[in-house]
Amino acid sequence: MSISPVLDQPQSIDYLDLAGGPINRLANHELICWLDADCNPQEVYWPWANRRYVRSIVMRVLDWQEGELVPLVTRFFPGHQETIAGSEGVIVTKRLCIPYQTNDDRSLFWLLECQAEGDRLLRLEIDIDWGEPLTQRIVDGLLVAQRNPGPAQGLYRQSNAESTRVFGNPHGRPDAVDLDDPAHARLIYHVLVNGIVEVPFVFTVSDVGEQLAWSSFLTLREVEEIFDVSTRNWTRRLHMGRLWTPDPAFNQAVEQARLEAVRHLQRHRTGMAPSDRCTVHVPPLVDVWDALDPVQSRNLLAHLRRVAEATEGRLPAVLPAFPGEPANASPEALLDANGAYLRALAAHHRRHRLTAQLLQEHKPAVQLCTDALILLRAQRPDLIGSAAQMATLAQILANAVELAAQAGDDVNAARWESELHYLLQRTGSEAPRTTRFDLEQWRSAAGWRRCSDRPDHFADPWRGMQLAAAAIWEGAGLADRGDAIVVEPGWLQRWPWWALLGFTLTEDRRLSLLWDGAVLHATRPVQSSLPVQVHRQIRLLHVDEFDFDPVFEMIGGEAERSAQTVRFKPGFQQEA
């Protein structure tokens with residue numbers, strides 16, 4: 001099966017070929033859910049509240065005369081999934097979207113596009129399994145479900161509760177409702193279709209009361225507009241720092257890895273963190289977000305810094321979900337957890353020079369985490385006694401020495417360097433080297449899976465993120481030294497061409513690169529052993545889903561600010 005070089009083309013799979021059960025994970029910074037082939041969400045989880053808010057929502061679309069519509073194909077997009085179903089004379093496209101950077105991202109919404117020849121009456125049957133008993137009622141045509149609601153108050157008789165969910169159509173009421181089972185809800189709507197009709201539904205959550213959930217619902221009631229805004233935002237995010245090479249399979253895998261990094265970064269009450277709050281998953285997130293938005297990387301690192309200070313340098317394997325919650329650090333997890341923080345911070349500093357202020361902010365946490373590991377080695381030789389464990393500790397100490405030197409902490413730098421030399425003498429090793437990702441064997445190294453019964457994915461998304469990071473930081477050889485941008489390509493240089501477009505250096509500084517086989521074109525002055533030509537702008541034209549005939553266009557030179565334009569047409573490998 002050939003691989004399309006079109007990165008913005010959604011993957012489409014015949015419905016009958018898809019596996020049963022959940023096959024696709026959608027998430028923004030607020031909510032996480034799994035979808036089956038029919039775009040029915042399952043296990044909707046809100047990290048902020050550290051709680052599952054619904055077990056499943058199943059929506060069936062039936063023609064009044066023909067019965068349930070037959071699903072034909074399912075398509076997978078960054079921020080939504082859609083299933084096209086139909087029968088004689090009627091087609092319905094059911095979309096389930098998780099919004100991105102909209103008025104309120106604590107929501108899911110459905111957008112059904114119904115097309116029919118003549119008048120057709122559709123019946124929408126919606127079954128909701130909350131996974132727990134809730135208090136349910138219909139208010140102004142919307143379903144409100146709450147856990148342990150308090151007394152109704154105020155002009156609108158709304159209730160605070162431990163958690164609240166609101167579901168419904170913003171512009172219509174259900175024709176039938178069954179709320180007899182407190183753990184389930186069944187709603188039925190009827191839609192008359194003549195031509196094209198769009199039918200929206202919205203699901204919003206709140207960890208407090210009804211008012212907040214209603215406010216979220218009202219901000220999203222124009223679902224068509226929100227869908228367009230969200231789609232543009234997903235596209236804009238993934239276009240930043242996009243990598244192009246002659247290998248379509250590699251490009252698709254890197255793109256999916258970057259998407260996984262966006263989907264696995266969530267907002268918790270304690271700060272930004274990986275979806276599962278595992279400390280060891282911070283480094284792969286930082287590695288990818290350093291190329292997407294370094295501000296988010298610093299938010300992740302600041303979260304670990306705060307926890308390290310609160311635990312005297314004993315980072316837990318799983319970060320607390322709520323402020324004030326015990327960290328539950330264990331000696332067995334300390335080497336990995338503390339190492340994850342120090343490794344991620346040092347790597348971030350190499351790519352995007354931390355300011356003196358930020359280095360000083362992290363300085364106490366770096367000292368606490370490093371000293372805790374040194375103490376652990378002395379007190380628990382059973383935990384750091386093998387050659388592999390000592391080599392890991394040596395790498396961590398090398399990062400700590402580097403950070404201390406950069407922060408002007410000469411005393412700790414000398415002390416930790418002495419400890420490092422002691423470890424190297426005991427193990428008979430040389431100075432530790434950073435383990436590099438195997439870009440030559442990237443498929444196996446990243447666990448990339450291309451299956452016929454589900455969308456392309458990584459066996460482990462965290463390993464997949466390592467692929468995206470390695471492609472930028474090792475392949476393109478990019479580093480922002482603050483006063484200079486260095487580009488020394490590694491593995492990517494063997495290709496006849498490659499490009500990195502819209503890379504974020506800082507909030508107001510971006511960089512685009514193109515290697516055409518002879519010259520490294522850049523939108524900023526860079527230091528490189530390759531011949532460099534600076535342009536005002538580099539853009540890639542004709543890469544739309546339906547119009548793919550790519551041409552790189554370099555506009556103007558830095559010195560003369562001229563309007564001179566240079567074009568380069570890339571070629572792609574054909575892979576069966």
# chains A, B, ... in the order shown; residues from 1 in each chain; ligands from 1
$ select_by_dssp --residues "segment 206-330 of chain A" --states "alpha helix (DSSP H)" --output "VMD selection string"
chain A and resid 210 to 219 223 to 239 248 to 263 282 to 292 294 to 310
$ residues_around --residues "segment 186-191 of chain A" --least-positions-apart "6" --cutoff "6 Å" --atoms "only C-alpha atoms" --output "JSON, numbers by chain"
{"A": [121, 122, 123, 124, 125, 126, 127, 174, 175, 176, 177, 178]}
$ residues_around --residues "Arg509 of chain A" --least-positions-apart "6" --cutoff "10 Å" --atoms "only C-alpha atoms" --output "number ranges by chain"
A: 502-503, 524
$ write_last_selection --atoms "all heavy atoms" --output "CSV table (one decimal), in the first residue's frame"
chain,number,residue,atom,x,y,z
A,502,GLY,N,8.3,27.1,10.0
A,502,GLY,CA,7.6,27.7,11.0
A,502,GLY,C,8.0,27.2,12.4
A,502,GLY,O,7.2,27.2,13.3
A,503,PHE,N,9.3,27.0,12.6
A,503,PHE,CA,9.8,26.5,13.9
A,503,PHE,C,9.8,27.6,14.9
A,503,PHE,O,10.2,28.7,14.6
A,503,PHE,CB,11.2,25.9,13.7
A,503,PHE,CG,11.8,25.4,15.0
A,503,PHE,CD1,11.6,24.1,15.4
A,503,PHE,CD2,12.6,26.3,15.7
A,503,PHE,CE1,12.2,23.7,16.5
A,503,PHE,CE2,13.2,25.8,16.9
A,503,PHE,CZ,13.0,24.5,17.3
A,524,ARG,N,16.5,33.3,9.1
A,524,ARG,CA,17.3,34.0,10.0
A,524,ARG,C,18.8,33.6,9.8
A,524,ARG,O,19.1,32.5,9.3
A,524,ARG,CB,16.9,33.7,11.5
A,524,ARG,CG,15.6,34.3,11.9
A,524,ARG,CD,15.3,34.0,13.3
A,524,ARG,NE,14.0,34.6,13.7
A,524,ARG,CZ,13.9,35.8,14.2
A,524,ARG,NH1,15.0,36.6,14.3
A,524,ARG,NH2,12.7,36.3,14.5
$ atom_distance --atom1 "atom CA of Val401 of chain A" --atom2 "atom CA of Leu420 of chain A"
8.9 Å
$ residues_around --residues "Arg25 of chain A" --least-positions-apart "5" --cutoff "9 Å" --atoms "only C-alpha atoms" --output "ChimeraX atom specification"
/A:32-35,263
$ atom_distance --atom1 "atom CA of Glu30 of chain A" --atom2 "atom CA of Asp140 of chain A"
26.5 Å
$ closest_residue --among "A:Gln115, A:Asn233, A:Asn299, A:Asn251" --to "Ile196 of chain A" --atoms "only C-alpha atoms"
A:Gln115
$ residues_around --residues "Glu66 of chain A" --least-positions-apart "2" --cutoff "12 Å" --atoms "only C-alpha atoms" --output "PDB file with C-alpha atoms, in the first residue's frame"
ATOM      1  CA  VAL A  61     -29.046   7.499  13.414  1.00  0.00           C
ATOM      2  CA  LEU A  62     -32.099   5.835  11.869  1.00  0.00           C
ATOM      3  CA  ASP A  63     -34.198   6.629   8.842  1.00  0.00           C
ATOM      4  CA  TRP A  64     -37.907   6.468   9.727  1.00  0.00           C
ATOM      5  CA  GLU A  68     -30.514   2.355  10.914  1.00  0.00           C
ATOM      6  CA  LEU A  69     -28.177   3.943   8.391  1.00  0.00           C
ATOM      7  CA  VAL A  70     -25.309   1.754   7.185  1.00  0.00           C
ATOM      8  CA  GLY A  86     -26.306   6.230   4.541  1.00  0.00           C
ATOM      9  CA  SER A  87     -29.124   4.396   2.861  1.00  0.00           C
ATOM     10  CA  GLU A  88     -31.153   4.939  -0.300  1.00  0.00           C
ATOM     11  CA  GLY A  89     -31.514   8.709  -0.772  1.00  0.00           C
ATOM     12  CA  VAL A  90     -29.934   9.850   2.512  1.00  0.00           C
ATOM     13  CA  ARG A 120     -36.763  12.350   5.081  1.00  0.00           C
ATOM     14  CA  LEU A 121     -37.419  11.945   8.802  1.00  0.00           C
ATOM     15  CA  LEU A 122     -34.421  10.842  10.864  1.00  0.00           C
ATOM     16  CA  ARG A 123     -34.582   9.452  14.385  1.00  0.00           C
TER      17      ARG A 123
END
$ decode --residues "segment 333-355 of chain A" --atoms "N, CA and C atoms" --output "PDB file, in the first residue's frame"
ATOM      1  N   ALA A 333      11.708   4.627  42.862  1.00  0.00           N
ATOM      2  CA  ALA A 333      11.394   5.462  41.699  1.00  0.00           C
ATOM      3  C   ALA A 333      12.265   6.701  41.596  1.00  0.00           C
ATOM      4  N   LEU A 334      13.099   6.943  42.604  1.00  0.00           N
ATOM      5  CA  LEU A 334      13.802   8.226  42.676  1.00  0.00           C
ATOM      6  C   LEU A 334      14.789   8.421  41.537  1.00  0.00           C
ATOM      7  N   LEU A 335      15.516   7.383  41.153  1.00  0.00           N
ATOM      8  CA  LEU A 335      16.517   7.523  40.099  1.00  0.00           C
ATOM      9  C   LEU A 335      15.856   7.955  38.792  1.00  0.00           C
ATOM     10  N   ASP A 336      14.747   7.310  38.449  1.00  0.00           N
ATOM     11  CA  ASP A 336      14.058   7.655  37.203  1.00  0.00           C
ATOM     12  C   ASP A 336      13.372   9.014  37.297  1.00  0.00           C
ATOM     13  N   ALA A 337      12.704   9.276  38.415  1.00  0.00           N
ATOM     14  CA  ALA A 337      11.929  10.511  38.540  1.00  0.00           C
ATOM     15  C   ALA A 337      12.839  11.743  38.587  1.00  0.00           C
ATOM     16  N   ASN A 338      13.817  11.731  39.471  1.00  0.00           N
ATOM     17  CA  ASN A 338      14.736  12.874  39.545  1.00  0.00           C
ATOM     18  C   ASN A 338      15.539  13.013  38.261  1.00  0.00           C
ATOM     19  N   GLY A 339      15.930  11.874  37.692  1.00  0.00           N
ATOM     20  CA  GLY A 339      16.675  11.921  36.437  1.00  0.00           C
ATOM     21  C   GLY A 339      15.859  12.527  35.317  1.00  0.00           C
ATOM     22  N   ALA A 340      14.540  12.256  35.302  1.00  0.00           N
ATOM     23  CA  ALA A 340      13.680  12.817  34.257  1.00  0.00           C
ATOM     24  C   ALA A 340      13.684  14.344  34.315  1.00  0.00           C
ATOM     25  N   TYR A 341      13.599  14.903  35.514  1.00  0.00           N
ATOM     26  CA  TYR A 341      13.597  16.368  35.659  1.00  0.00           C
ATOM     27  C   TYR A 341      14.926  16.973  35.222  1.00  0.00           C
ATOM     28  N   LEU A 342      16.021  16.432  35.713  1.00  0.00           N
ATOM     29  CA  LEU A 342      17.332  17.006  35.407  1.00  0.00           C
ATOM     30  C   LEU A 342      17.679  16.828  33.930  1.00  0.00           C
ATOM     31  N   ARG A 343      17.311  15.678  33.365  1.00  0.00           N
ATOM     32  CA  ARG A 343      17.588  15.447  31.943  1.00  0.00           C
ATOM     33  C   ARG A 343      16.780  16.385  31.063  1.00  0.00           C
ATOM     34  N   ALA A 344      15.482  16.549  31.383  1.00  0.00           N
ATOM     35  CA  ALA A 344      14.619  17.417  30.576  1.00  0.00           C
ATOM     36  C   ALA A 344      15.044  18.878  30.684  1.00  0.00           C
ATOM     37  N   LEU A 345      15.422  19.308  31.899  1.00  0.00           N
ATOM     38  CA  LEU A 345      15.835  20.703  32.089  1.00  0.00           C
ATOM     39  C   LEU A 345      17.134  20.987  31.339  1.00  0.00           C
ATOM     40  N   ALA A 346      18.093  20.082  31.424  1.00  0.00           N
ATOM     41  CA  ALA A 346      19.367  20.291  30.730  1.00  0.00           C
ATOM     42  C   ALA A 346      19.182  20.302  29.226  1.00  0.00           C
ATOM     43  N   ALA A 347      18.355  19.373  28.698  1.00  0.00           N
ATOM     44  CA  ALA A 347      18.111  19.331  27.260  1.00  0.00           C
ATOM     45  C   ALA A 347      17.415  20.604  26.786  1.00  0.00           C
ATOM     46  N   HIS A 348      16.446  21.085  27.565  1.00  0.00           N
ATOM     47  CA  HIS A 348      15.747  22.324  27.196  1.00  0.00           C
ATOM     48  C   HIS A 348      16.719  23.506  27.179  1.00  0.00           C
ATOM     49  N   HIS A 349      17.632  23.530  28.137  1.00  0.00           N
ATOM     50  CA  HIS A 349      18.587  24.641  28.192  1.00  0.00           C
ATOM     51  C   HIS A 349      19.540  24.606  26.998  1.00  0.00           C
ATOM     52  N   ARG A 350      19.900  23.422  26.535  1.00  0.00           N
ATOM     53  CA  ARG A 350      20.789  23.337  25.366  1.00  0.00           C
ATOM     54  C   ARG A 350      20.094  23.860  24.117  1.00  0.00           C
ATOM     55  N   ARG A 351      18.789  23.649  24.007  1.00  0.00           N
ATOM     56  CA  ARG A 351      18.054  24.043  22.795  1.00  0.00           C
ATOM     57  C   ARG A 351      17.583  25.489  22.854  1.00  0.00           C
ATOM     58  N   HIS A 352      17.121  25.911  23.997  1.00  0.00           N
ATOM     59  CA  HIS A 352      16.593  27.269  24.181  1.00  0.00           C
ATOM     60  C   HIS A 352      17.199  27.821  25.468  1.00  0.00           C
ATOM     61  N   ARG A 353      18.226  28.587  25.321  1.00  0.00           N
ATOM     62  CA  ARG A 353      18.957  29.071  26.484  1.00  0.00           C
ATOM     63  C   ARG A 353      18.011  29.668  27.522  1.00  0.00           C
ATOM     64  N   LEU A 354      18.022  29.098  28.744  1.00  0.00           N
ATOM     65  CA  LEU A 354      17.252  29.668  29.835  1.00  0.00           C
ATOM     66  C   LEU A 354      17.867  30.994  30.257  1.00  0.00           C
ATOM     67  N   THR A 355      17.036  31.941  30.612  1.00  0.00           N
ATOM     68  CA  THR A 355      17.544  33.209  31.114  1.00  0.00           C
ATOM     69  C   THR A 355      18.186  32.988  32.482  1.00  0.00           C
TER      70      THR A 355
END
